[in-house]
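Written below as structure tokens is the structure these notes are about.
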Amino acid sequence: MKGILHIGMPKCMSTSVQAHMRQSDSVFFMGIGPSKFVKPDVLLAFQRHIMRMPAHFYDADAIANVFRQNIQEAEGRGAALFALSDETIPFPRGYARADTSYLERMQRLKAVMPKETDVLMIVRRPKDFLQSSYKYRCVMNGLSCTYEDYLRRLLLVGDTNFLGTIKYAYFAETARQIFGRVHVVAMEAIAEDERALLRLLNDPNLAAPVRDRLPRENSGMPNNKFANFRELHAPYGETLGDDDFNNLSPADRLMTHLDQDYFSGCLTSSLAREQTLKGLRTFAIGMPDRSPDACFAMSDETRKKLVDYVEYSNTMLKKIYDVPVERYEYNRF
């Protein structure tokens, strides 16, 4: 039994790769997170213990047993590849929190994954990554600032959205030290020819496209339609704000039967906000295309800072993992 550990960086085809592995007959797919109906034992072992448990309270034997049982099940089904994928692995916050370091999480995974495990990381042109992240925040969360202000904030506070641009090399190199075999693949190369990726995923059908599993635009809205959305959204200002506290999950909505004024107020406000954004998205898509240029405008000063910001990561990607950063214009904004 061989293993594949997919370190999913945000906005880099993670969901498409996960969907492909989930539907493959030759892959035993461990799971990708609590929203994907993962088996309870895997969810507890991975998302809670491996990702978050402090070292002094980590039960390595119990976690190893969970993985051992699943590997045996994979062998019993005749699968050739035992796969684990999660876009939260690299994050210092979120599911992983700060209880365990990235290095420690990799060491824990090394101890329980099959002996022969390859690591897969997909990277993306920083300009496209940042535009996709910004668009998603606007369309799905109601972010109202300009693209210039969004980038300036990221540069000022070192937001985790920059994980997709400058942390590629760091996470890949740490994984290489632990697992030995790391494959860093550019999204742009996959768009040209994805046979190498399909071989890595042990898919004998090299004509089955990974990239077609989901729409290419992660937010589901092309740039020309996004220009319409920005125009429609402008009058609302901060009223549909990007406040994570008010982004209630499906589990939260189970509390609608409660009659406390506080919970009722939060739920009503959140649902109204979501419905408003959904309506704006629907109207934007139905309108004639508009030029997207103004949506992603930035100053020369910000552009230069971005180029300087990604220079080190681009150098490492090229030097260690042979990613053709010049060909795909990874330093162009």
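Labels used: A, B, ... for chains in the order of the structure tokens, numbers from 1 for residues in each chain, and numbers from 1 for ligands as shown.
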Just want the 7 Å neighbourhood of Val119 of chain A, counted on only C-alpha atoms, with same-chain residues fewer than 3 positions away dropped. Output as a list in words.
Ile4, Leu5, His6, Arg181, Val182 and His183 of chain A
Taking 5 positions as the minimum chain separation for residues in the same chain, which residues sit within 9 Å of segment 305-319 of chain A when counting only C-alpha atoms? Answer as a PyMOL selection string.
chain A and resi 126+151+155+165-170+184+300+324-326+330-333
Skipping near chain neighbours, those fewer than 2 positions away, what residues fall within 12 Å of Asp193 of chain A using only C-alpha atoms, listed as a list in words?
Val185, Ala186, Met187, Glu188, Ala189, Ile190, Ala191, Arg195, Ala196, Leu197, Leu198, Arg199, Leu206, Ala207, Ala208, Pro209, Val210 and Arg211 of chain A
Could you name the residues that touch Pro114 of chain A at 8 Å or less, counting only C-alpha atoms, but leaving out those on the same chain fewer than 5 positions away, as number ranges by chain?
A: 1-3, 71, 82
Do you know which residues are at most 8 Å from Pro292 of chain A counting only C-alpha atoms, after dropping those on the same chain fewer than 6 positions away, and could you put them as a PDB file with N, CA and C atoms, in the first residue's frame?
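Done, and the output landed in part38.pdb:
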ATOM      1  N   ASN A 223     -14.534  37.001 -13.961  1.00  0.00           N
ATOM      2  CA  ASN A 223     -14.140  38.374 -13.642  1.00  0.00           C
ATOM      3  C   ASN A 223     -15.088  39.413 -14.229  1.00  0.00           C
ATOM      4  N   ASN A 224     -15.582  39.183 -15.451  1.00  0.00           N
ATOM      5  CA  ASN A 224     -16.492  40.151 -16.064  1.00  0.00           C
ATOM      6  C   ASN A 224     -17.804  40.250 -15.302  1.00  0.00           C
ATOM      7  N   LYS A 225     -18.253  39.139 -14.734  1.00  0.00           N
ATOM      8  CA  LYS A 225     -19.461  39.166 -13.915  1.00  0.00           C
ATOM      9  C   LYS A 225     -19.169  39.733 -12.525  1.00  0.00           C
ATOM     10  N   PHE A 226     -17.949  39.501 -12.044  1.00  0.00           N
ATOM     11  CA  PHE A 226     -17.575  40.041 -10.745  1.00  0.00           C
ATOM     12  C   PHE A 226     -17.605  41.567 -10.763  1.00  0.00           C
ATOM     13  N   ALA A 227     -17.277  42.169 -11.904  1.00  0.00           N
ATOM     14  CA  ALA A 227     -17.365  43.627 -12.024  1.00  0.00           C
ATOM     15  C   ALA A 227     -18.805  44.089 -11.809  1.00  0.00           C
TER      16      ALA A 227
END
Which residue, A:Gly76, A:Glu301, A:Arg52, A:Val323, has the smallest gap to Arg152 of chain A when you use only C-alpha atoms?
A:Glu301
Based on the backbone DSSP call, show me all residues of segment 31-235 of chain A assigned helix (DSSP H, G or I), as a ChimeraX atom specification.
/A:34-36,40-52,55-57,60-76,102-112,126-141,147-157,160-166,168-179,187-192,195-200,223-235
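With atom CA of His56 of chain A on one side and atom CA of Pro40 of chain A on the other, the separation reads 23.4 Å.
Compared by their closest atoms to Glu192 of chain A, and using only C-alpha atoms, the residues A:Asp293, A:Glu104, A:Phe67, A:Tyr328 rank with A:Tyr328 nearest.
Across the structure, atom CA of Lys11 of chain A and atom CA of Lys127 of chain A are spaced 11.7 Å apart.
Coordinates place atom CA of Val27 of chain A at a distance of 28.4 Å from atom CA of Ile320 of chain A.
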Fewer than 5 positions away in the same chain doesn't count, so skip those; otherwise give me all residues within 10 Å of Asp25 of chain A, counting only C-alpha atoms, as a PDB file with C-alpha atoms, in the first residue's frame.
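selection.pdb was written with the following content:
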ATOM      1  CA  ARG A  77     -10.866  -3.260  -0.950  1.00  0.00           C
ATOM      2  CA  GLY A  78      -7.969  -3.696  -3.351  1.00  0.00           C
ATOM      3  CA  ALA A  79      -7.070  -0.011  -3.464  1.00  0.00           C
ATOM      4  CA  ALA A  80      -3.587   0.898  -4.680  1.00  0.00           C
ATOM      5  CA  LEU A  81      -3.343   4.271  -2.969  1.00  0.00           C
ATOM      6  CA  ASN A 202      -2.737   6.433  -9.523  1.00  0.00           C
ATOM      7  CA  ASP A 203      -5.479   7.023 -12.063  1.00  0.00           C
ATOM      8  CA  PRO A 204      -5.144   4.595 -14.997  1.00  0.00           C
TER       9      PRO A 204
END
